[in-house]
Structure formats: structure tokens, C-alpha cells
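Asker: Below is the structure I would like to discuss, written out as C-alpha cells.
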Amino acid sequence: MRRHTFKRYFFVFRKMFLRTYHPSFTATNISDIGSSLQIFSVMTAFTSIISLLFVDSLVRTKEASFWIAFFRISSLGICFFVYLFGKKRVKLYQRHIYGITSLVLIGLILLYIPMMVYDKPNHAYYLFGSAIVIASASILLWIEPFRILLLSTLYIAVFIPLHLNFSRIQGFDRFVFYQDVLIVSFLLAFGFVANLLINYWRFEEYRVKARLRITVGKLLRINQKIEDLSRVDSMTELFNRRHLLEQFDLYKKRSNREGFIIGLVILDLDRLKAINDKYGHKQGDLAIQAFAKTVKSRTRITDIAARIGGDEFCLLVSPIDREGLQVLAESIREKLERLQIPIHNQPGESLTLTVSIGATLFRPEDDPSFDELYHKIDTALYTSKNEGRNRITLIES
């Protein structure tokens with residue numbers, strides 16, 4: 001139990017503290033990251049300008065004033081380039097955004113070292129100011145918690161010894177020294193905790209949105225699958241009557257727009273009832289499936305092959321002419337006539353199947369309904385049946 005609890009807390013600790021930003025997380029929030037960097041650079045530049053005009057004016061020696069002004073202007077230059085990075089979002093910045101941000105922050109902090117050395121009267125100002133920069137960066141900038149911790153550790157390792165040395169030179173006052181260290185530690189801790197909470201919130205929001213996108217994607221795929229299934233005949237994997245009617249209207253519109261001729265074909269299997277009565281409905285289903293494969297093998301990807309009844313099928317083909325429609329229908333009839341369909345309960349035995357076909361063409365200037373065409377083709381189909389089956393009857397619309 002204790003081991004499980006330890007693993008659980010370690011997992012939570014690692015998730016909140018040791019993780020780095022995922023590339024997709026960065027890409028999703030690149031606009032906000034750039035805006036935060038611009039805000040931070042403007043605030044830091046404004047602080048440097050105020051310090052240059054007021055705080056640094058109290059420096060007594062010309063040499064110290066020159067170097068402090070130099071470092072202030074250097075920090076302004078860094079802020080200016082950082083602002084441009086955030087505004088332009090150049091590819092180099094986007095690829096190494098957190099590394100560049102961390103280096104910029106370290107550079108700004110390290111600029112306080114020479115100012116602490118040259119401007120001893122304002123020593124505490126630079127000590128607290130550098131800590132405030134880290135705290136504000138922890139809140140404003142998109143930096144991982146472990147980077148903030150490393151930066152805070154570096155700060156303590158550099159600035160506290162400098163402050164201790166300065167305190168000894170000025171006359172060590174233990175109360176003042178520990179008070180300054182306490183204030184700095186509070187600022188660093190406040191920034192770190194704020195960064196931890198803000199990043200946890202950012203990651204939680206990101207994960208919720210990511211899970212939502214995944215769920216929505218799954219639902220869309222499921223809906224699409226359901227939509228596809230609602231348009232496909234499950235036995236033959238051909239389209240059903242509903243899809244055929246929808247495509248018929250679309251084909252007519254394309255025909256009017258592009259000026260091509262459309263062919264409509266009705267195919268009815270011969271003597272399927274006799275096969276069902278003799279060999280069973282399973283054999284009838286096998287015959288229908290074999291015919292569906294034959295139809296698929298003879299149609300183009302732009303054609304619509306649909307099953308509209310038990311043993312009745314329909315083809316919607318375009319663009320096509322009378323000769324092409326005749327060749328298509330004849331190729332289906334001939335291939336089915338030669339096809340040997342195995343009998344499921346009689347190994348080694350097979351049967352043949354034929355089809356009667358009625359077909360017609362209609363042109364862009366025509367505007368027939370599907371029922372009107374179907375009635376005409378149905379008449380042609382029965383002509384094929386009455387003339388001995390296994391034949392094609394082509395009529396004009």
C-alpha cells in the first residue's frame with residue numbers, strides 16, 4: 001500500500017514539476033507565448049528606463065555611472081530584440097523558444113551583478129530587483145517549473161554570496177542580512193509556486209482540449225462510418241437505393257453544367273427464385289454476391305452501382321454514349337454467363353447464372369425524374385425477360 005502511494009505521489013510530482021512542454025502544446029499556444037514575451041520585455045524595459053533616470057542618477061562616481069548606464073542600455077537592447085522575437089515569431093525562435101527565453105532571462109539577471117558592484121548605495125535595490133524579475137518571469141513567461149527552479153538555484157548561488165560579501169564590507173548586520181535573504185527567498189518561492197500552479201492549469205486545459213479533439217474526431221469517424229453504412233448494401237457492398245437517388249440528382253446537375261450524356265441501367269438476375277427453391281437461400285445469396293463482384297469489376301470509379309431490390313440492380317454511368325453503354329452492359333452479361341458459381345452444400349458442383357438488362361440514355365436538355373426513367377427501363381427489362389432472358393434492351397429516353 002505504501003509503495004503504491006509513493007508511486008502515485010511521485011507520478012503527480014513528476015507530472016506537475018518535471019515535465020517539459022510537448023511540441024504540439026507549444027504550437028497550439030505559440031501566439032500566447034509570443035504575447036507574454038512581448039509583455040515581459042516591455043515591462044522590463046520600462047523598469048530599466050525608470051532605474052536609469054532615477055535610481056542610477058544617485059551614483060556618485062562618473063566611472064560607476066558610465067558602467068551602470070552601459071548595462072542598463074544593454075538590458076534595454078536585450079528587451080528590444082526579445083520583443084521583436086516575440087512579435088515576428090521567427091522560425092529560430094519557434095524552434096528553440098524555451099531555450100532562448102531562459103537564456104534571455106539569465107542574461108538579464110546576470111546584468112545585475114556588475115550594477116551591484118558599481119552601485120553599492122543601491123545594492124539592496126538590485127538584489128530585490130533581480131529577484132522580482134525572476135518572480136515576474138515565472139508568472140508571465142511560459143517557462144517550465146524545473147527551469148525556474150534551476151534559475152532560482154543559480155540566483156541563490158550567485159547573488160546571496162555577493163550580498164553576504166557586501167554586508168561584511170559595510171559592517172555585517174545579521175538581522176538585516178537574514179531579513180534580505182528572507183525577502184528574496186519569499187519572492188523566489190512565490191514565483192515558483194505561481195509558475196507551478198499556472199503551468200498545471202495550462203496543461204490541464206491543454207489535455208482537456210486534446211481529449212475533446214480526440215473524442216470529437218472519433219465521433220466524426222463513427223458518424224461517417226454510420227453514414228457510409230446507411231448508403232451501402234451490407235450483403236453486396238454495393239450502394240443502396242437511397243444513395244442512388246441522391247447521386248441521380250447530382251449527376252443531372254453535372255450533366256446540365258458540363259454537357260455530357262448519362263446512362264441508366266437496370267439489371268435483373270434470371271431465375272433466382274428457382275435457385276433459392278432448389279439449393280436454399282444461402283445459395284441465392286452467394287449468387288447475388290457473385291453478381292455484385294461481376295458488376296464491380298466492369299464499372300468505373302465514377303459510376304454508381306447499386307442494389308435496389310432482392311435480385312435487381314442499377315447502374316448510373318457518365319459520361320457515356322450509346323455504343324459505350326451497349327459495350328458495358330454486354331461485358332457484364334457475358335462475364336456473368338461464363339461465371340461458375342460453386343454450390344455451397346455440393347463440393348465440386350457449380351451453377352451458372354444469367355441476367356436480363358434494360359438500359360437508356362438521357363441528355364443534358366432532358367429533365368426526367370428517376371421514377372419516369374425507371375418505368376421506361378423496367379419496360380425494356382421485361383422485354384428482355386419476355387424475349388428469352390439473358391439479353392439487353394436499350395431504349396431512348
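Letters A, B, ... mark the chains of the C-alpha cells in the order given; residue numbers begin at 1 per chain; ligand numbers begin at 1, in order shown.
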Using only C-alpha atoms, which protein or nucleic acid residues come within 10 Å of segment 242-247 of chain A? Drop anything in the same chain fewer than 5 positions from it, and give the result as a VMD selection string.

Answerer: chain A and resid 228 230 to 232 252 to 253 303 to 308 314 to 316 369 to 371

Asker: May I have the residues within 10 Å of Leu141 of chain A as an NGL selection string, using only C-alpha atoms and disregarding those fewer than 4 positions away in the same chain?

Answerer: :A and (32-40 or 98 or 101-102 or 105 or 134-137 or 195)

Asker: What does the file look like for those residues with N, CA and C atoms, as a short mmCIF file (atom, residue, chain, number, x, y, z; two decimals), in the first residue's frame?

Answerer:
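What landed in out.cif:
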data_model
loop_
_atom_site.label_atom_id
_atom_site.label_comp_id
_atom_site.auth_asym_id
_atom_site.auth_seq_id
_atom_site.Cartn_x
_atom_site.Cartn_y
_atom_site.Cartn_z
N ASP A 32 0.07 32.99 -27.74
CA ASP A 32 0.06 33.45 -26.36
C ASP A 32 1.46 33.53 -25.78
N ILE A 33 2.33 32.59 -26.15
CA ILE A 33 3.71 32.60 -25.67
C ILE A 33 4.43 33.84 -26.17
N GLY A 34 4.26 34.15 -27.46
CA GLY A 34 4.88 35.35 -28.02
C GLY A 34 4.35 36.62 -27.37
N SER A 35 3.04 36.67 -27.12
CA SER A 35 2.46 37.86 -26.48
C SER A 35 3.00 38.04 -25.06
N SER A 36 3.13 36.94 -24.32
CA SER A 36 3.67 37.02 -22.96
C SER A 36 5.10 37.53 -22.96
N LEU A 37 5.87 37.07 -23.94
CA LEU A 37 7.27 37.53 -24.03
C LEU A 37 7.33 39.02 -24.34
N GLN A 38 6.44 39.49 -25.20
CA GLN A 38 6.41 40.92 -25.50
C GLN A 38 6.04 41.74 -24.26
N ILE A 39 5.05 41.28 -23.51
CA ILE A 39 4.65 42.00 -22.30
C ILE A 39 5.80 42.05 -21.30
N PHE A 40 6.47 40.93 -21.11
CA PHE A 40 7.58 40.87 -20.17
C PHE A 40 8.71 41.80 -20.59
N TYR A 98 11.94 27.99 -25.64
CA TYR A 98 12.17 27.95 -24.20
C TYR A 98 13.64 28.12 -23.86
N THR A 101 14.27 31.88 -24.33
CA THR A 101 13.65 32.62 -23.22
C THR A 101 14.46 32.47 -21.94
N SER A 102 14.94 31.27 -21.66
CA SER A 102 15.73 31.04 -20.45
C SER A 102 17.05 31.79 -20.51
N LEU A 105 16.47 35.48 -19.93
CA LEU A 105 16.21 35.75 -18.52
C LEU A 105 17.49 35.68 -17.69
N ILE A 134 12.85 37.53 -11.67
CA ILE A 134 12.63 36.08 -11.73
C ILE A 134 11.17 35.75 -11.38
N ALA A 135 10.65 36.38 -10.34
CA ALA A 135 9.27 36.12 -9.93
C ALA A 135 8.28 36.52 -11.03
N SER A 136 8.49 37.69 -11.62
CA SER A 136 7.59 38.14 -12.69
C SER A 136 7.71 37.25 -13.92
N ALA A 137 8.95 36.81 -14.23
CA ALA A 137 9.13 35.89 -15.36
C ALA A 137 8.45 34.56 -15.10
N ASN A 195 4.28 29.73 -10.80
CA ASN A 195 4.60 29.07 -12.06
C ASN A 195 4.08 27.64 -12.07
#

Asker: Using only C-alpha atoms, which residue out of A:Ser234, A:Ala131, A:Val216, A:Pro121 lies closest to Ser167 of chain A?

Answerer: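 Among the listed residues, the smallest separation from Ser167 of chain A belongs to A:Pro121.
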
Asker: From the set A:Ile30, A:Glu204, A:Thr299, A:Leu140, which residue has the shortest atom-to-atom contact distance to His96 of chain A, counting only C-alpha atoms?

Answerer: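 Distance minimum relative to His96 of chain A lands on A:Ile30.
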
Asker: Report as an MDAnalysis selection string all protein, DNA and RNA residues lying within 12 Å of segment 44-52 of chain A, evaluated on only C-alpha atoms, omitting residues in the same chain fewer than 6 positions from it.

Answerer: chainID A and resid 37:38 58:59 65:83 104:105 108:109 111:112 115 119 122 125:126 129:130 132:134 136:137 140

Asker: Give me the residues near segment 173-178 of chain A as number ranges by chain, where near means some atom within 8 Å (using only C-alpha atoms) and where sequence neighbours in that chain fewer than 3 positions away do not count.

Answerer: A: 163-164, 167, 181-182

Asker: Now that the selection is made, can you save its residues with all heavy atoms as an mmCIF file, in the first residue's frame?

Answerer:
data_model
loop_
_atom_site.group_PDB
_atom_site.id
_atom_site.type_symbol
_atom_site.label_atom_id
_atom_site.label_comp_id
_atom_site.auth_asym_id
_atom_site.auth_seq_id
_atom_site.Cartn_x
_atom_site.Cartn_y
_atom_site.Cartn_z
ATOM 1 N N HIS A 163 25.812 39.379 -1.793
ATOM 2 C CA HIS A 163 25.177 40.192 -0.765
ATOM 3 C C HIS A 163 25.856 39.990 0.597
ATOM 4 O O HIS A 163 26.010 40.947 1.372
ATOM 5 C CB HIS A 163 23.697 39.828 -0.670
ATOM 6 C CG HIS A 163 22.930 40.677 0.284
ATOM 7 N ND1 HIS A 163 22.915 42.058 0.209
ATOM 8 C CD2 HIS A 163 22.144 40.347 1.363
ATOM 9 C CE1 HIS A 163 22.164 42.551 1.178
ATOM 10 N NE2 HIS A 163 21.677 41.524 1.901
ATOM 11 N N LEU A 164 26.279 38.762 0.883
ATOM 12 C CA LEU A 164 26.988 38.495 2.136
ATOM 13 C C LEU A 164 28.324 39.238 2.176
ATOM 14 O O LEU A 164 28.672 39.859 3.201
ATOM 15 C CB LEU A 164 27.213 36.995 2.290
ATOM 16 C CG LEU A 164 27.999 36.545 3.521
ATOM 17 C CD1 LEU A 164 27.269 36.958 4.802
ATOM 18 C CD2 LEU A 164 28.230 35.038 3.490
ATOM 19 N N SER A 167 27.651 42.874 2.708
ATOM 20 C CA SER A 167 27.242 43.134 4.091
ATOM 21 C C SER A 167 28.450 43.164 5.017
ATOM 22 O O SER A 167 28.517 43.988 5.951
ATOM 23 C CB SER A 167 26.251 42.056 4.554
ATOM 24 O OG SER A 167 25.081 42.083 3.756
ATOM 25 N N VAL A 181 17.650 38.103 2.889
ATOM 26 C CA VAL A 181 17.584 36.736 2.354
ATOM 27 C C VAL A 181 16.159 36.202 2.421
ATOM 28 O O VAL A 181 15.677 35.525 1.495
ATOM 29 C CB VAL A 181 18.557 35.815 3.125
ATOM 30 C CG1 VAL A 181 18.355 34.356 2.710
ATOM 31 C CG2 VAL A 181 19.992 36.237 2.881
ATOM 32 N N LEU A 182 15.455 36.490 3.509
ATOM 33 C CA LEU A 182 14.074 36.037 3.659
ATOM 34 C C LEU A 182 13.172 36.658 2.597
ATOM 35 O O LEU A 182 12.331 35.971 1.998
ATOM 36 C CB LEU A 182 13.576 36.383 5.057
ATOM 37 C CG LEU A 182 12.148 35.924 5.395
ATOM 38 C CD1 LEU A 182 12.051 34.405 5.343
ATOM 39 C CD2 LEU A 182 11.716 36.453 6.761
#

Asker: Show which residues sit within 7 Å of Asn390 of chain A, as a PyMOL selection string. Count only C-alpha atoms, and ignore same-chain residues fewer than 4 positions away.

Answerer: chain A and resi 354-356

Asker: Could you write out, as a ChimeraX atom specification, all the residues of segment 139-332 of chain A that DSSP marks as alpha helix (DSSP H)?

Answerer: /A:139-140,145-170,174-230,241-258,272-279,281-298,322-332

Asker: From the set A:Val42, A:Phe362, A:Phe186, A:Ile261, which residue has the shortest atom-to-atom contact distance to Ile320 of chain A, counting only C-alpha atoms?

Answerer: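 So, comparing all the options, the nearest one is A:Ile261.
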
Asker: When distances are computed from only C-alpha atoms, which of A:Arg213, A:Arg322, A:Lys225, A:His123 shows the smallest separation from Asp180 of chain A?

Answerer: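 Selected residue with least distance to Asp180 of chain A: A:His123.
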